[in-house]
file run-v7.pdb (PDB, C-alpha atoms)
ATOM      1  CA  MET W 379       7.071-152.015  89.764
ATOM      2  CA  ALA W 380       7.989-148.299  89.790
ATOM      3  CA  ALA W 381      10.612-148.890  92.500
ATOM      4  CA  ARG W 382      12.108-151.722  90.442
ATOM      5  CA  ASN W 383      12.303-149.510  87.336
ATOM      6  CA  ASN W 384      13.708-146.658  89.418
ATOM      7  CA  THR W 385      16.459-148.937  90.782
ATOM      8  CA  ALA W 386      17.271-150.200  87.295
ATOM      9  CA  GLU W 387      17.566-146.619  86.082
ATOM     10  CA  ARG W 388      19.796-145.698  89.035
ATOM     11  CA  VAL W 389      21.998-148.740  88.312
ATOM     12  CA  LEU W 390      22.228-147.738  84.677
ATOM     13  CA  GLN W 391      23.026-144.109  85.516
ATOM     14  CA  ALA W 392      25.735-145.117  87.994
ATOM     15  CA  ALA W 393      27.265-147.511  85.474
ATOM     16  CA  ARG W 394      27.149-144.839  82.771
ATOM     17  CA  THR W 395      28.891-142.335  85.063
ATOM     18  CA  LEU W 396      31.645-144.827  85.875
ATOM     19  CA  PHE W 397      31.915-145.650  82.181
ATOM     20  CA  GLU W 398      32.232-141.988  81.156
ATOM     21  CA  ARG W 399      35.017-141.471  83.682
ATOM     22  CA  GLY W 400      37.085-144.591  83.130
ATOM     23  CA  GLY W 401      35.738-146.695  80.292
ATOM     24  CA  ALA W 402      34.374-150.229  80.433
ATOM     25  CA  GLU W 403      37.154-151.326  82.792
ATOM     26  CA  ALA W 404      35.812-148.933  85.441
ATOM     27  CA  VAL W 405      32.397-150.620  85.478
ATOM     28  CA  SER W 406      32.189-153.444  88.000
ATOM     29  CA  MET W 407      29.073-154.685  89.721
ATOM     30  CA  ARG W 408      30.595-153.785  93.086
ATOM     31  CA  ARG W 409      31.411-150.194  92.053
ATOM     32  CA  VAL W 410      27.958-149.731  90.548
ATOM     33  CA  ALA W 411      26.306-151.158  93.669
ATOM     34  CA  ASP W 412      28.354-148.861  95.912
ATOM     35  CA  ALA W 413      27.345-145.846  93.843
ATOM     36  CA  VAL W 414      23.653-146.773  94.017
ATOM     37  CA  GLY W 415      23.684-147.903  97.651
ATOM     38  CA  ILE W 416      22.593-151.492  97.036
ATOM     39  CA  THR W 417      24.306-154.860  97.174
ATOM     40  CA  PRO W 418      26.059-156.141  94.055
ATOM     41  CA  MET W 419      23.644-159.091  93.965
ATOM     42  CA  ALA W 420      20.686-156.676  93.743
ATOM     43  CA  ILE W 421      21.929-155.511  90.337
ATOM     44  CA  TYR W 422      21.270-158.978  88.923
ATOM     45  CA  ARG W 423      17.534-158.420  89.368
ATOM     46  CA  HIS W 424      17.816-155.790  86.653
ATOM     47  CA  PHE W 425      20.768-156.906  84.524
ATOM     48  CA  PRO W 426      21.758-160.587  84.209
ATOM     49  CA  ASN W 427      25.489-159.792  84.084
ATOM     50  CA  ARG W 428      28.072-157.075  83.502
ATOM     51  CA  ASP W 429      28.043-157.663  79.738
ATOM     52  CA  ALA W 430      24.295-156.980  79.625
ATOM     53  CA  LEU W 431      24.829-153.752  81.558
ATOM     54  CA  LEU W 432      27.610-152.665  79.186
ATOM     55  CA  LYS W 433      25.483-153.611  76.168
ATOM     56  CA  ARG W 434      22.658-151.447  77.470
ATOM     57  CA  ILE W 435      25.050-148.515  77.891
ATOM     58  CA  SER W 436      26.279-149.051  74.339
ATOM     59  CA  ASP W 437      22.754-149.388  72.921
ATOM     60  CA  ASP W 438      21.693-146.241  74.759
ATOM     61  CA  SER W 439      24.662-144.389  73.273
ATOM     62  CA  PHE W 440      23.593-145.380  69.737
ATOM     63  CA  ASP W 441      20.085-144.129  70.506
ATOM     64  CA  ALA W 442      21.473-140.883  71.935
ATOM     65  CA  ILE W 443      23.509-140.267  68.787
ATOM     66  CA  VAL W 444      20.452-140.803  66.592
ATOM     67  CA  ARG W 445      18.295-138.485  68.732
ATOM     68  CA  HIS W 446      21.047-135.895  68.610
ATOM     69  CA  TRP W 447      21.366-136.262  64.831
ATOM     70  CA  LEU W 448      17.638-135.942  64.281
ATOM     71  CA  ALA W 449      17.355-132.918  66.592
ATOM     72  CA  ARG W 450      20.268-131.042  65.008
ATOM     73  CA  ASN W 451      19.847-132.204  61.441
ATOM     74  CA  GLN W 452      16.842-130.174  60.381
ATOM     75  CA  GLY W 453      16.753-127.923  57.344
ATOM     76  CA  GLY W 454      19.303-127.267  54.664
ATOM     77  CA  ASP W 455      19.844-129.244  51.522
ATOM     78  CA  ALA W 456      20.545-132.966  51.542
ATOM     79  CA  LEU W 457      24.315-132.537  51.312
ATOM     80  CA  SER W 458      24.278-130.144  54.279
ATOM     81  CA  ARG W 459      22.517-132.872  56.261
ATOM     82  CA  VAL W 460      25.188-135.417  55.296
ATOM     83  CA  ILE W 461      27.892-133.000  56.468
ATOM     84  CA  ALA W 462      25.989-132.249  59.684
ATOM     85  CA  LEU W 463      25.859-135.961  60.510
ATOM     86  CA  GLN W 464      29.624-136.239  60.156
ATOM     87  CA  ARG W 465      30.130-133.223  62.421
ATOM     88  CA  ILE W 466      27.721-134.557  65.039
ATOM     89  CA  TYR W 467      29.520-137.909  65.039
ATOM     90  CA  LEU W 468      32.805-136.078  65.593
ATOM     91  CA  ASP W 469      31.261-134.001  68.400
ATOM     92  CA  TYR W 470      29.957-137.139  70.102
ATOM     93  CA  ALA W 471      33.307-138.913  69.831
ATOM     94  CA  MET W 472      35.139-135.961  71.344
ATOM     95  CA  ALA W 473      32.612-135.398  74.144
ATOM     96  CA  HIS W 474      32.160-139.078  75.096
ATOM     97  CA  PRO W 475      35.415-140.872  74.283
ATOM     98  CA  HIS W 476      34.810-143.995  76.370
ATOM     99  CA  LEU W 477      31.271-144.486  75.090
ATOM    100  CA  PHE W 478      32.528-143.874  71.561
ATOM    101  CA  ASP W 479      35.263-146.484  71.963
ATOM    102  CA  HIS W 480      32.922-149.087  73.389
ATOM    103  CA  ALA W 481      30.104-148.441  70.920
ATOM    104  CA  PHE W 482      32.212-148.207  67.774
ATOM    105  CA  SER W 483      35.659-149.700  68.403
ATOM    106  CA  ALA W 484      35.418-152.523  70.920
ATOM    107  CA  ARG W 485      35.227-156.039  69.539
ATOM    108  CA  ARG W 486      31.908-157.547  70.658
ATOM    109  CA  ALA W 487      30.101-160.734  69.706
ATOM    110  CA  ASP W 488      26.840-158.827  69.236
ATOM    111  CA  ALA W 489      28.354-156.079  67.040
ATOM    112  CA  ARG W 490      26.500-155.372  63.820
ATOM    113  CA  ARG W 491      28.277-156.479  60.656
ATOM    114  CA  TYR W 492      28.436-154.776  57.286
ATOM    115  CA  PRO W 493      26.688-155.218  54.928
ATOM    116  CA  GLU W 494      23.920-157.587  56.012
ATOM    117  CA  ASP W 495      23.033-156.117  59.428
ATOM    118  CA  PHE W 496      23.282-152.542  58.234
ATOM    119  CA  ARG W 497      21.260-153.039  55.053
ATOM    120  CA  ALA W 498      18.632-154.819  57.158
ATOM    121  CA  GLY W 499      18.234-151.565  59.108
ATOM    122  CA  LEU W 500      19.722-152.910  62.337
ATOM    123  CA  SER W 501      22.051-149.945  62.824
ATOM    124  CA  PRO W 502      20.180-146.939  64.153
ATOM    125  CA  THR W 503      23.086-144.644  63.298
ATOM    126  CA  LEU W 504      24.128-145.809  59.841
ATOM    127  CA  SER W 505      20.492-146.064  58.754
ATOM    128  CA  VAL W 506      20.115-142.310  59.303
ATOM    129  CA  ALA W 507      23.384-141.642  57.474
ATOM    130  CA  ALA W 508      22.481-143.876  54.500
ATOM    131  CA  GLU W 509      19.115-142.154  54.186
ATOM    132  CA  ALA W 510      20.794-138.732  54.125
ATOM    133  CA  VAL W 511      23.303-139.940  51.518
ATOM    134  CA  ALA W 512      20.482-141.386  49.377
ATOM    135  CA  ASP W 513      18.631-138.045  49.616
ATOM    136  CA  ALA W 514      21.778-136.212  48.468
ATOM    137  CA  MET W 515      22.113-138.617  45.528
ATOM    138  CA  ARG W 516      18.461-138.156  44.521
ATOM    139  CA  ALA W 517      18.959-134.375  44.692
ATOM    140  CA  GLY W 518      21.976-134.652  42.377
ATOM    141  CA  LEU W 519      24.355-133.336  45.059
ATOM    142  CA  LEU W 520      26.290-136.608  45.214
ATOM    143  CA  ARG W 521      26.818-138.888  42.238
ATOM    144  CA  LYS W 522      24.664-142.002  42.030
ATOM    145  CA  ASP W 523      26.227-144.901  43.888
ATOM    146  CA  ASP W 524      25.306-147.394  46.572
ATOM    147  CA  ALA W 525      24.097-145.180  49.448
ATOM    148  CA  TRP W 526      25.075-147.756  52.078
ATOM    149  CA  ASP W 527      28.618-148.107  50.725
ATOM    150  CA  VAL W 528      29.026-144.327  50.609
ATOM    151  CA  ALA W 529      27.590-143.940  54.123
ATOM    152  CA  ILE W 530      30.028-146.464  55.563
ATOM    153  CA  THR W 531      32.887-144.822  53.636
ATOM    154  CA  LEU W 532      32.018-141.498  55.270
ATOM    155  CA  TRP W 533      31.732-143.196  58.655
ATOM    156  CA  ALA W 534      35.104-144.911  58.191
ATOM    157  CA  HIS W 535      36.656-141.549  57.327
ATOM    158  CA  THR W 536      35.308-139.891  60.463
ATOM    159  CA  HIS W 537      35.968-142.862  62.698
ATOM    160  CA  GLY W 538      39.487-143.346  61.395
ATOM    161  CA  LEU W 539      40.476-139.728  61.907
ATOM    162  CA  VAL W 540      38.976-139.683  65.407
ATOM    163  CA  ALA W 541      40.740-142.929  66.324
ATOM    164  CA  LEU W 542      44.065-141.578  65.054
ATOM    165  CA  TYR W 543      43.601-138.292  66.914
ATOM    166  CA  ARG W 544      42.666-140.055  70.149
ATOM    167  CA  ALA W 545      45.673-142.375  69.785
ATOM    168  CA  GLY W 546      47.982-139.326  69.711
ATOM    169  CA  ARG W 547      48.813-139.598  66.002
ATOM    170  CA  PHE W 548      48.189-135.878  65.435
ATOM    171  CA  SER W 549      50.216-133.091  67.039
ATOM    172  CA  TYR W 550      47.168-130.821  66.718
ATOM    173  CA  ASP W 551      45.144-129.506  69.610
ATOM    174  CA  GLU W 552      41.400-130.103  69.331
ATOM    175  CA  ALA W 553      40.665-126.881  67.429
ATOM    176  CA  GLN W 554      43.419-127.624  64.892
ATOM    177  CA  PHE W 555      42.226-131.197  64.539
ATOM    178  CA  ARG W 556      38.661-130.028  63.889
ATOM    179  CA  ARG W 557      39.899-127.695  61.136
ATOM    180  CA  PHE W 558      41.883-130.536  59.603
ATOM    181  CA  TYR W 559      38.851-132.812  59.883
ATOM    182  CA  GLU W 560      36.602-130.292  58.085
ATOM    183  CA  ALA W 561      39.110-129.882  55.250
ATOM    184  CA  SER W 562      39.526-133.649  54.955
ATOM    185  CA  LEU W 563      35.761-134.192  54.889
ATOM    186  CA  GLN W 564      35.418-131.602  52.117
ATOM    187  CA  ARG W 565      38.131-133.360  50.083
ATOM    188  CA  LEU W 566      36.285-136.650  50.441
ATOM    189  CA  LEU W 567      32.941-135.116  49.500
ATOM    190  CA  GLU W 568      34.435-133.421  46.436
ATOM    191  CA  GLY W 569      35.343-136.873  45.150
ATOM    192  CA  LEU W 570      31.739-138.041  45.654
ATOM    193  CA  LYS W 571      30.098-135.174  43.770
ATOM    194  CA  PRO W 572      28.759-135.651  40.227
TER     195      PRO W 572
END

call {"tool": "encode", "arguments": {"input": "run-v7.pdb", "output": "C-alpha cells"}}
result
Amino acid sequence: MAARNNTAERVLQAARTLFERGGAEAVSMRRVADAVGITPMAIYRHFPNRDALLKRISDDSFDAIVRHWLARNQGGDALSRVIALQRIYLDYAMAHPHLFDHAFSARRADARRYPEDFRAGLSPTLSVAAEAVADAMRAGLLRKDDAWDVAITLWAHTHGLVALYRAGRFSYDEAQFRRFYEASLQRLLEGLKP
C-alpha cells in the first residue's frame, strides 16, 4: 500500500509542478506520466480522470492557504488578523497565479456557492475569514453586520484587484500595486469601522 500511496503522491506532485508552470492546460495524463516515469493508464489507479486530479490540486491549494493563514495569523488584535488574511491571500495569488486562477476564478461544477455552501462551513478559506471578521465585530473594531457578507466583500475586493492586476489593467509594477492594494484595503476597512 505504501508504494501505491507513494506513486499517487508522485503523480500529484508532477501534476502540481506542471500546473504551476503552465496552468490547467499544461496538465495532461501523458505529461504527468512522463514526469513520473509511469504509463498514462497507471495514473487511473490513483485518479479516475484528469478532472479529479485537477480538483485535488485545487483542494490542496485551499488547504495550503488555510494552513498558511493559520501559521501567519497569530497575535495582534482582531482587525490586524483580518488585514493579515487579506495580505496572505494577495501573497498567495502573486506567488501561485495558476493555482489561484484555478481555485478561485475557473468555472467548475463543484465550485462552492455563496451563501449556502459558505455559511454551511464548506469553504476552508472563507470560514477562517468570516471568523476573523466576527471577532473584529465582537471587539468593536468593525461595526456589527453579517460577518459572512463582510468576509466575502473583503474577498471580492482582494480578488478583484488581483484579477485586474494580472489582466494587465494596472501600469504598476508589483511593488507599486502592493502599495495601491494596501491603501485600497484601508479605504474599504475605514468604511466598515463603527

call {"tool": "resolve_selection", "arguments": {"input": "run-v7.pdb", "expression": "the PyMOL selection byres ((chain W and resi 465-476) around 7)", "output": "ChimeraX atom specification"}}
result
/W:397-398,401,447,461-464,477-480,536

call {"tool": "closest_residue", "arguments": {"input": "run-v7.pdb", "among": "W:Ala514, W:Leu390, W:Leu570, W:Ala545", "to": "Asp455 of chain W", "atoms": "all atoms listed in the file"}}
result
W:Ala514

call {"tool": "residues_around", "arguments": {"input": "run-v7.pdb", "residues": "Val444 of chain W", "least_positions_apart": "2", "cutoff": "12 Å", "atoms": "only C-alpha atoms", "output": "PyMOL selection string"}}
result
chain W and resi 437-442+446-451+463+466-467+470+501-507

call {"tool": "residues_near_point", "arguments": {"input": "run-v7.pdb", "point": "(38.4, -133.9, 54.6)", "cutoff": "12 Å", "atoms": "all atoms listed in the file", "output": "list of chain:residue names"}}
result
W:Ile461, W:Gln464, W:Arg465, W:Leu532, W:His535, W:Thr536, W:Gly538, W:Leu539, W:Phe555, W:Arg556, W:Arg557, W:Phe558, W:Tyr559, W:Glu560, W:Ala561, W:Ser562, W:Leu563, W:Gln564, W:Arg565, W:Leu566, W:Leu567, W:Glu568, W:Gly569, W:Leu570

call {"tool": "residues_around", "arguments": {"input": "run-v7.pdb", "residues": "Trp526 of chain W", "least_positions_apart": "3", "cutoff": "12 Å", "atoms": "only C-alpha atoms", "output": "list of chain:residue names"}}
result
W:Tyr492, W:Pro493, W:Glu494, W:Asp495, W:Phe496, W:Arg497, W:Ala498, W:Gly499, W:Ser501, W:Thr503, W:Leu504, W:Ser505, W:Val506, W:Ala507, W:Ala508, W:Glu509, W:Ala510, W:Val511, W:Ala512, W:Asp513, W:Met515, W:Lys522, W:Asp523, W:Ala529, W:Ile530, W:Thr531, W:Leu532, W:Trp533

call {"tool": "atom_distance", "arguments": {"input": "run-v7.pdb", "atom1": "atom CA of Ser483 of chain W", "atom2": "atom CA of Arg409 of chain W"}}
result
24.0 Å

call {"tool": "closest_residue", "arguments": {"input": "run-v7.pdb", "among": "W:Arg423, W:His537, W:Arg485, W:Lys571", "to": "Leu520 of chain W", "atoms": "only C-alpha atoms"}}
result
W:Lys571

call {"tool": "atom_distance", "arguments": {"input": "run-v7.pdb", "atom1": "atom CA of Arg486 of chain W", "atom2": "atom CA of Ala430 of chain W"}}
result
11.8 Å

call {"tool": "atom_distance", "arguments": {"input": "run-v7.pdb", "atom1": "atom CA of His424 of chain W", "atom2": "atom CA of Ala404 of chain W"}}
result
19.3 Å

call {"tool": "closest_residue", "arguments": {"input": "run-v7.pdb", "among": "W:Val528, W:Ile416, W:Val540, W:Leu432", "to": "Leu396 of chain W", "atoms": "all atoms listed in the file"}}
result
W:Leu432

call {"tool": "resolve_selection", "arguments": {"input": "run-v7.pdb", "expression": "the PyMOL selection byres ((chain W and resi 386) around 12)", "output": "count of residues only"}}
result
27

call {"tool": "axis_aligned_box", "arguments": {"input": "run-v7.pdb", "around": "segment 548-552 of chain W", "padding_each_side": "5 Å", "output": "lines of an AutoDock Vina configuration file"}}
result
center_x = 45.8
center_y = -132.7
center_z = 67.5
size_x = 18.8
size_y = 16.4
size_z = 14.2

call {"tool": "closest_residue", "arguments": {"input": "run-v7.pdb", "among": "W:Phe548, W:Arg428, W:Thr417, W:Ala487", "to": "Val405 of chain W", "atoms": "only C-alpha atoms"}}
result
W:Arg428

call {"tool": "closest_residue", "arguments": {"input": "run-v7.pdb", "among": "W:Gly415, W:Arg408, W:Leu457, W:Ala402", "to": "Leu519 of chain W", "atoms": "only C-alpha atoms"}}
result
W:Leu457
